[in-house]
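What follows is one structure encoded as structure tokens, with my remarks underneath.
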Amino acid sequence: MIVADKKPIEEIIEEIKDYNKILILGCNECVTVCEAGGKKEVGILASALRMYFLNQGKEMKIDERTLERQCDNEYLEEIRDIADEYDAILSLACGVGVQFTAERYHSVPVYPGVNTCFLGATEERGLWTERCQACGQCILAYTGGICPVSRCAKRLLNGPCGGSSNGKCEINKELDCAWQLIIDRLKELDRLDDYEKIFPLKDWSTDRAGGPRKVVREDVKL
Amino acid sequence: MRLQYPANIKIIRVPCTGKIDVLHILRAFEKGADGVYAVGCMEGDCRYESGNFRAKKRVEQAQQILNTIGISGERTRMYNLSSGEGPLFAEIAREMTEKIRKLGPNPIKLAKKKAA
């Protein structure tokens with residue numbers, strides 16, 4: 001899922017302080033799971049902002065709404081009738097949701113309420129870690145299901161480098177060396193022969209190097 | 001025991017303090033409560049293992065938010081006591097009431113009155 005983190009309330013206050021009517025728009029997908037922008041976070045932020053502005057003597061109407069997804073037109077249409085009633089929308093969705101909402105509603109400024117961080121997993125409640133960089137050319141089949149693109153600081157395809165020490169990465173002693181993990185895993189799977197194979201140059205044109213990407217699927221297009 | 005404690009305290013019963021959310025605390029302040037305190041079981045004695053620890057964290061989060069928006073975080077806190085400690089419950093009620101009295105009324109309540 002896409003992992004996001006809350007923005008400090010002070011920063012959000014700065015974003016919206018000049019408006020009088022705000023819609024805080026949550027998203028029921030990834031940001032709900034990482035507890036940054038779901039219905040509950042919308043409620044907490046709305047309550048805090050209402051109190052802040054009331055305390056400042058400013059009349060500010062702050063409404064709450066949470067959509068199933070903000071990255072899909074059909075769900076974004078649900079606010080079609082009400083969007084124009086607001087001076088601004090504060091979206092607690094990931095960067096995709098914020099942009100998609102802004103694209104759909106030209107006349108209303110849309111502000112981000114979270115910092116979108118990475119594609120990751122919930123290791124435990126309150127701990128999310130990166131697992132994928134969406135490079136567009138998955139090589140997990142050859143690396144024992146552990147991604148060196150997202151988990152090796154150098155994105156090495158033939159690792160580890162000399163900075164690997166006792167299974168940890170040189171950039172941070174708490175960070176596992178991805179290549180150590182790969183070797184250990186391949187050993188467990190009795191597939192160390194795979195490790196001996198030299199990776200050819202990876203085609204990075206499917207990564208961000210080729211500019212913004214798109215997936216076109218004629219077979220599913222209507 | 002027929003213990004006396006301040007009559008201005010409104011008790012909201014929850015199955016476990018683990019049920020209390022930041023939102024519940026904030027909404028109480030938004031509605032004009034001068035203070036909110038959670039009374040949970042002793043640490044380590046939670047029937048659901050970690051309910052009171054969850055509550056403790058959420059009360060801390062609420063404190064942080066309240067401090068950020070200019071309402072003293074001291075208006076909310078967590079107490080731990082066992083169900084057999086009636087006298088302590090009454091004492092806590094008095095202590096919290098005194099503390100809130102010193103802090104004065106919830107500024108939101110005053111701001112609402114001013115705006116009306």
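Please note that chains go A, B, ... in the order of the structure tokens, that every chain numbers its residues from 1, and that ligands are numbered from 1 in the order shown.
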Listing only residues of chain B within 9 Å of chain A, what is the closest atom pair and its distance in Å (to one decimal) for each, using only C-alpha atoms, sorted by chain and residue number ascending, as a tab-separated table?
residue	atom	partner	partner_atom	distance
B:Val22	CA	A:Ile44	CA	7.0
B:Leu23	CA	A:Ile44	CA	5.2
B:His24	CA	A:Ile44	CA	8.9
B:Leu26	CA	A:Ser47	CA	6.5
B:Arg27	CA	A:Ser47	CA	6.6
B:Phe29	CA	A:Met51	CA	8.4
B:Glu30	CA	A:Met51	CA	6.3
B:Ile65	CA	A:Ala48	CA	7.0
B:Leu66	CA	A:Ala48	CA	7.5
B:Thr68	CA	A:Glu10	CA	7.4
B:Ile69	CA	A:Tyr52	CA	4.9
B:Gly70	CA	A:Tyr52	CA	6.9
B:Ile71	CA	A:Tyr52	CA	8.3
B:Pro107	CA	A:Asn55	CA	6.6
B:Ile108	CA	A:Asn55	CA	5.8
B:Leu110	CA	A:Asn55	CA	8.5
B:Ala111	CA	A:Asn55	CA	5.8
B:Lys112	CA	A:Leu54	CA	7.1
B:Lys114	CA	A:Gly57	CA	8.4
B:Ala115	CA	A:Gly57	CA	7.6
Tell me, as a list in words, which residues lie within 10 Å of Asn166 in chain A, counting only C-alpha atoms; anything in the same chain fewer than 5 positions away does not count.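 Counting only C-alpha atoms, the residues come to Lys173, Asp176, Cys177 and Gln180 of chain A.
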Take the residues from that selection and write them out as an mmCIF file, in the first residue's frame, keeping all heavy atoms.
data_model
loop_
_atom_site.group_PDB
_atom_site.id
_atom_site.type_symbol
_atom_site.label_atom_id
_atom_site.label_comp_id
_atom_site.auth_asym_id
_atom_site.auth_seq_id
_atom_site.Cartn_x
_atom_site.Cartn_y
_atom_site.Cartn_z
ATOM 1 N N LYS A 173 22.990 1.387 11.130
ATOM 2 C CA LYS A 173 23.276 0.093 11.767
ATOM 3 C C LYS A 173 22.014 -0.711 12.057
ATOM 4 O O LYS A 173 22.077 -1.900 12.351
ATOM 5 C CB LYS A 173 24.059 0.316 13.060
ATOM 6 C CG LYS A 173 25.512 0.656 12.806
ATOM 7 C CD LYS A 173 26.351 0.491 14.061
ATOM 8 C CE LYS A 173 27.829 0.651 13.780
ATOM 9 N NZ LYS A 173 28.226 1.985 13.318
ATOM 10 N N ASP A 176 18.769 -3.599 7.815
ATOM 11 C CA ASP A 176 19.292 -4.857 7.287
ATOM 12 C C ASP A 176 19.900 -4.630 5.910
ATOM 13 O O ASP A 176 19.381 -3.852 5.113
ATOM 14 C CB ASP A 176 18.154 -5.877 7.141
ATOM 15 C CG ASP A 176 17.691 -6.391 8.495
ATOM 16 O OD1 ASP A 176 18.542 -6.546 9.386
ATOM 17 O OD2 ASP A 176 16.476 -6.621 8.643
ATOM 18 N N CYS A 177 21.012 -5.347 5.643
ATOM 19 C CA CYS A 177 21.590 -5.322 4.303
ATOM 20 C C CYS A 177 20.686 -6.190 3.430
ATOM 21 O O CYS A 177 20.497 -7.382 3.699
ATOM 22 C CB CYS A 177 23.011 -5.874 4.313
ATOM 23 S SG CYS A 177 23.619 -6.270 2.661
ATOM 24 N N GLN A 180 22.332 -9.270 2.111
ATOM 25 C CA GLN A 180 22.510 -10.320 3.124
ATOM 26 C C GLN A 180 21.199 -11.104 3.251
ATOM 27 O O GLN A 180 21.194 -12.330 3.311
ATOM 28 C CB GLN A 180 22.879 -9.685 4.471
ATOM 29 C CG GLN A 180 23.142 -10.700 5.575
ATOM 30 C CD GLN A 180 24.418 -11.488 5.332
ATOM 31 O OE1 GLN A 180 25.486 -10.911 5.166
ATOM 32 N NE2 GLN A 180 24.320 -12.810 5.290
#
Going by DSSP on the backbone, which residues of chain A come out as strand (DSSP E)? List them as a ChimeraX atom specification. /A:2-6,21-27,61-67,88-91,110-112,114-124,127-132,168-169,172-176
Store the residues picked out above, limited to N, CA and C atoms, as a short mmCIF file (atom, residue, chain, number, x, y, z; two decimals), in the first residue's frame.
data_model
loop_
_atom_site.label_atom_id
_atom_site.label_comp_id
_atom_site.auth_asym_id
_atom_site.auth_seq_id
_atom_site.Cartn_x
_atom_site.Cartn_y
_atom_site.Cartn_z
N ILE A 2 0.23 2.37 -0.25
CA ILE A 2 0.96 3.64 -0.19
C ILE A 2 0.98 4.10 1.26
N VAL A 3 2.17 4.34 1.78
CA VAL A 3 2.29 4.73 3.19
C VAL A 3 2.47 6.26 3.27
N ALA A 4 1.65 6.83 4.12
CA ALA A 4 1.73 8.29 4.33
C ALA A 4 1.88 8.56 5.81
N ASP A 5 2.31 9.77 6.12
CA ASP A 5 2.45 10.17 7.52
C ASP A 5 1.70 11.49 7.71
N LYS A 6 1.24 11.71 8.93
CA LYS A 6 0.48 12.93 9.19
C LYS A 6 1.36 14.16 9.04
N LYS A 21 -14.37 28.25 4.74
CA LYS A 21 -15.16 27.02 4.65
C LYS A 21 -14.29 25.91 4.04
N ILE A 22 -14.04 24.91 4.82
CA ILE A 22 -13.09 23.87 4.40
C ILE A 22 -13.77 22.51 4.44
N LEU A 23 -13.43 21.69 3.45
CA LEU A 23 -13.88 20.29 3.49
C LEU A 23 -12.64 19.43 3.72
N ILE A 24 -12.65 18.65 4.79
CA ILE A 24 -11.54 17.72 5.01
C ILE A 24 -11.97 16.39 4.41
N LEU A 25 -11.19 15.97 3.42
CA LEU A 25 -11.59 14.80 2.64
C LEU A 25 -10.64 13.62 2.91
N GLY A 26 -11.17 12.60 3.54
CA GLY A 26 -10.36 11.42 3.85
C GLY A 26 -10.47 10.38 2.76
N CYS A 27 -9.68 9.33 2.89
CA CYS A 27 -9.68 8.26 1.91
C CYS A 27 -9.70 6.92 2.66
N LYS A 61 -15.91 27.22 9.03
CA LYS A 61 -16.76 26.02 8.93
C LYS A 61 -15.89 24.89 8.40
N ILE A 62 -15.81 23.84 9.16
CA ILE A 62 -14.97 22.70 8.74
C ILE A 62 -15.82 21.44 8.70
N ASP A 63 -16.03 20.91 7.50
CA ASP A 63 -16.83 19.70 7.35
C ASP A 63 -15.94 18.50 7.08
N GLU A 64 -16.52 17.33 7.30
CA GLU A 64 -15.76 16.08 7.14
C GLU A 64 -16.44 15.17 6.13
N ARG A 65 -15.63 14.51 5.33
CA ARG A 65 -16.15 13.52 4.40
C ARG A 65 -15.03 12.54 4.10
N THR A 66 -15.35 11.28 4.01
CA THR A 66 -14.33 10.30 3.64
C THR A 66 -14.84 9.46 2.48
N LEU A 67 -14.07 9.46 1.41
CA LEU A 67 -14.47 8.71 0.21
C LEU A 67 -13.84 7.32 0.22
N ALA A 88 -11.93 25.68 0.09
CA ALA A 88 -10.78 24.81 -0.19
C ALA A 88 -11.08 23.41 0.31
N ILE A 89 -10.37 22.46 -0.28
CA ILE A 89 -10.49 21.07 0.18
C ILE A 89 -9.13 20.67 0.75
N LEU A 90 -9.17 20.08 1.94
CA LEU A 90 -7.94 19.56 2.54
C LEU A 90 -8.01 18.05 2.41
N SER A 91 -7.21 17.52 1.51
CA SER A 91 -7.28 16.08 1.24
C SER A 91 -6.27 15.32 2.10
N VAL A 110 -7.01 22.57 -3.68
CA VAL A 110 -6.90 21.34 -2.88
C VAL A 110 -5.54 21.33 -2.19
N TYR A 111 -5.56 21.12 -0.88
CA TYR A 111 -4.31 21.11 -0.11
C TYR A 111 -4.04 19.72 0.45
N PRO A 112 -2.75 19.35 0.56
CA PRO A 112 -2.43 18.03 1.13
C PRO A 112 -2.42 18.08 2.66
N VAL A 114 -1.43 15.18 4.36
CA VAL A 114 -0.46 14.17 4.80
C VAL A 114 0.79 14.27 3.92
N ASN A 115 1.87 13.66 4.40
CA ASN A 115 3.07 13.52 3.59
C ASN A 115 3.11 12.09 3.06
N THR A 116 3.07 11.94 1.75
CA THR A 116 3.11 10.60 1.17
C THR A 116 4.55 10.11 1.17
N CYS A 117 4.77 8.91 1.70
CA CYS A 117 6.16 8.48 1.94
C CYS A 117 6.68 7.41 0.98
N PHE A 118 6.00 6.27 0.90
CA PHE A 118 6.53 5.18 0.06
C PHE A 118 5.51 4.06 -0.10
N LEU A 119 5.89 3.04 -0.89
CA LEU A 119 5.08 1.83 -1.02
C LEU A 119 5.62 0.85 0.02
N GLY A 120 4.80 0.49 0.97
CA GLY A 120 5.34 -0.35 2.03
C GLY A 120 4.33 -1.27 2.66
N ALA A 121 4.76 -1.89 3.74
CA ALA A 121 3.93 -2.85 4.44
C ALA A 121 3.84 -2.48 5.92
N THR A 122 2.80 -2.99 6.58
CA THR A 122 2.65 -2.78 8.01
C THR A 122 3.39 -3.91 8.72
N GLU A 123 4.57 -3.63 9.24
CA GLU A 123 5.31 -4.70 9.94
C GLU A 123 4.63 -5.00 11.26
N GLU A 124 4.21 -3.95 11.93
CA GLU A 124 3.40 -4.06 13.13
C GLU A 124 2.67 -2.75 13.26
N LEU A 127 4.38 0.68 12.72
CA LEU A 127 5.67 0.55 12.03
C LEU A 127 5.44 0.12 10.58
N TRP A 128 5.72 1.05 9.67
CA TRP A 128 5.57 0.77 8.25
C TRP A 128 6.92 0.89 7.58
N THR A 129 7.23 -0.06 6.70
CA THR A 129 8.55 -0.02 6.07
C THR A 129 8.43 -0.21 4.56
N GLU A 130 9.41 0.36 3.87
CA GLU A 130 9.38 0.37 2.41
C GLU A 130 9.69 -1.00 1.83
N ARG A 131 8.94 -1.36 0.78
CA ARG A 131 9.16 -2.65 0.14
C ARG A 131 9.28 -2.56 -1.38
N CYS A 132 8.82 -1.48 -1.96
CA CYS A 132 8.77 -1.43 -3.43
C CYS A 132 8.99 -0.01 -3.90
N LYS A 168 24.23 -5.85 8.37
CA LYS A 168 23.62 -4.52 8.41
C LYS A 168 24.24 -3.61 7.36
N CYS A 169 23.49 -2.58 7.00
CA CYS A 169 23.91 -1.64 5.97
C CYS A 169 24.78 -0.54 6.59
N ASN A 172 23.11 2.80 8.02
CA ASN A 172 22.36 2.79 9.27
C ASN A 172 22.49 1.41 9.91
N LYS A 173 22.99 1.39 11.13
CA LYS A 173 23.28 0.09 11.77
C LYS A 173 22.01 -0.71 12.06
N GLU A 174 20.85 -0.05 12.02
CA GLU A 174 19.61 -0.78 12.28
C GLU A 174 18.99 -1.33 11.00
N LEU A 175 19.59 -0.92 9.88
CA LEU A 175 19.01 -1.31 8.59
C LEU A 175 19.64 -2.61 8.09
N ASP A 176 18.77 -3.60 7.81
CA ASP A 176 19.29 -4.86 7.29
C ASP A 176 19.90 -4.63 5.91
#
Spatial neighbours of Arg101 in chain B, 12 Å, only C-alpha atoms, chain gap at least 4 places, as a list of chain:residue names: B:Pro6, B:Asn8, B:Asp34, B:Gly35, B:Glu74, B:Arg75, B:Arg94, B:Glu95, B:Met96, B:Thr97, B:Pro105, B:Asn106
What does the file look like for those residues with N, CA, C and O atoms, as a PDB file, in the first residue's frame?
ATOM      1  N   PRO B   6     -16.935  15.321  43.751  1.00  0.00           N
ATOM      2  CA  PRO B   6     -17.580  16.491  43.147  1.00  0.00           C
ATOM      3  C   PRO B   6     -18.696  16.113  42.164  1.00  0.00           C
ATOM      4  O   PRO B   6     -18.528  15.202  41.335  1.00  0.00           O
ATOM      5  N   ASN B   8     -19.849  17.757  39.711  1.00  0.00           N
ATOM      6  CA  ASN B   8     -19.736  18.270  38.334  1.00  0.00           C
ATOM      7  C   ASN B   8     -19.099  17.257  37.387  1.00  0.00           C
ATOM      8  O   ASN B   8     -18.980  17.499  36.196  1.00  0.00           O
ATOM      9  N   ASP B  34     -14.573  21.052  30.513  1.00  0.00           N
ATOM     10  CA  ASP B  34     -13.409  21.798  31.011  1.00  0.00           C
ATOM     11  C   ASP B  34     -12.195  20.885  31.186  1.00  0.00           C
ATOM     12  O   ASP B  34     -11.057  21.336  31.154  1.00  0.00           O
ATOM     13  N   GLY B  35     -12.458  19.620  31.399  1.00  0.00           N
ATOM     14  CA  GLY B  35     -11.378  18.658  31.561  1.00  0.00           C
ATOM     15  C   GLY B  35     -11.903  17.255  31.257  1.00  0.00           C
ATOM     16  O   GLY B  35     -13.105  17.018  31.348  1.00  0.00           O
ATOM     17  N   GLU B  74      -2.908  19.904  29.837  1.00  0.00           N
ATOM     18  CA  GLU B  74      -3.059  19.481  31.236  1.00  0.00           C
ATOM     19  C   GLU B  74      -4.518  19.199  31.592  1.00  0.00           C
ATOM     20  O   GLU B  74      -4.812  18.636  32.639  1.00  0.00           O
ATOM     21  N   ARG B  75      -5.416  19.637  30.705  1.00  0.00           N
ATOM     22  CA  ARG B  75      -6.837  19.423  30.975  1.00  0.00           C
ATOM     23  C   ARG B  75      -7.257  17.972  30.803  1.00  0.00           C
ATOM     24  O   ARG B  75      -8.391  17.596  31.096  1.00  0.00           O
ATOM     25  N   ARG B  94     -11.625  14.626  43.101  1.00  0.00           N
ATOM     26  CA  ARG B  94     -11.391  15.917  43.762  1.00  0.00           C
ATOM     27  C   ARG B  94     -10.139  16.596  43.213  1.00  0.00           C
ATOM     28  O   ARG B  94     -10.127  17.782  42.909  1.00  0.00           O
ATOM     29  N   GLU B  95      -9.087  15.780  43.048  1.00  0.00           N
ATOM     30  CA  GLU B  95      -7.806  16.305  42.546  1.00  0.00           C
ATOM     31  C   GLU B  95      -7.965  16.923  41.151  1.00  0.00           C
ATOM     32  O   GLU B  95      -7.507  18.031  40.883  1.00  0.00           O
ATOM     33  N   MET B  96      -8.645  16.178  40.286  1.00  0.00           N
ATOM     34  CA  MET B  96      -8.834  16.649  38.908  1.00  0.00           C
ATOM     35  C   MET B  96      -9.709  17.902  38.888  1.00  0.00           C
ATOM     36  O   MET B  96      -9.420  18.864  38.165  1.00  0.00           O
ATOM     37  N   THR B  97     -10.747  17.905  39.692  1.00  0.00           N
ATOM     38  CA  THR B  97     -11.645  19.070  39.743  1.00  0.00           C
ATOM     39  C   THR B  97     -10.868  20.313  40.191  1.00  0.00           C
ATOM     40  O   THR B  97     -10.988  21.387  39.604  1.00  0.00           O
ATOM     41  N   PRO B 105     -12.048  27.865  33.009  1.00  0.00           N
ATOM     42  CA  PRO B 105     -12.944  27.193  32.074  1.00  0.00           C
ATOM     43  C   PRO B 105     -12.295  26.917  30.715  1.00  0.00           C
ATOM     44  O   PRO B 105     -11.326  27.585  30.341  1.00  0.00           O
ATOM     45  N   ASN B 106     -12.846  25.955  30.016  1.00  0.00           N
ATOM     46  CA  ASN B 106     -12.386  25.595  28.672  1.00  0.00           C
ATOM     47  C   ASN B 106     -12.527  26.811  27.753  1.00  0.00           C
ATOM     48  O   ASN B 106     -13.617  27.341  27.580  1.00  0.00           O
TER      49      ASN B 106
END
Separation of CA of Thr143 in chain A and CA of Asp184 in chain A, in Å?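 Going from CA of Thr143 in chain A over to CA of Asp184 in chain A covers 10.5 Å.
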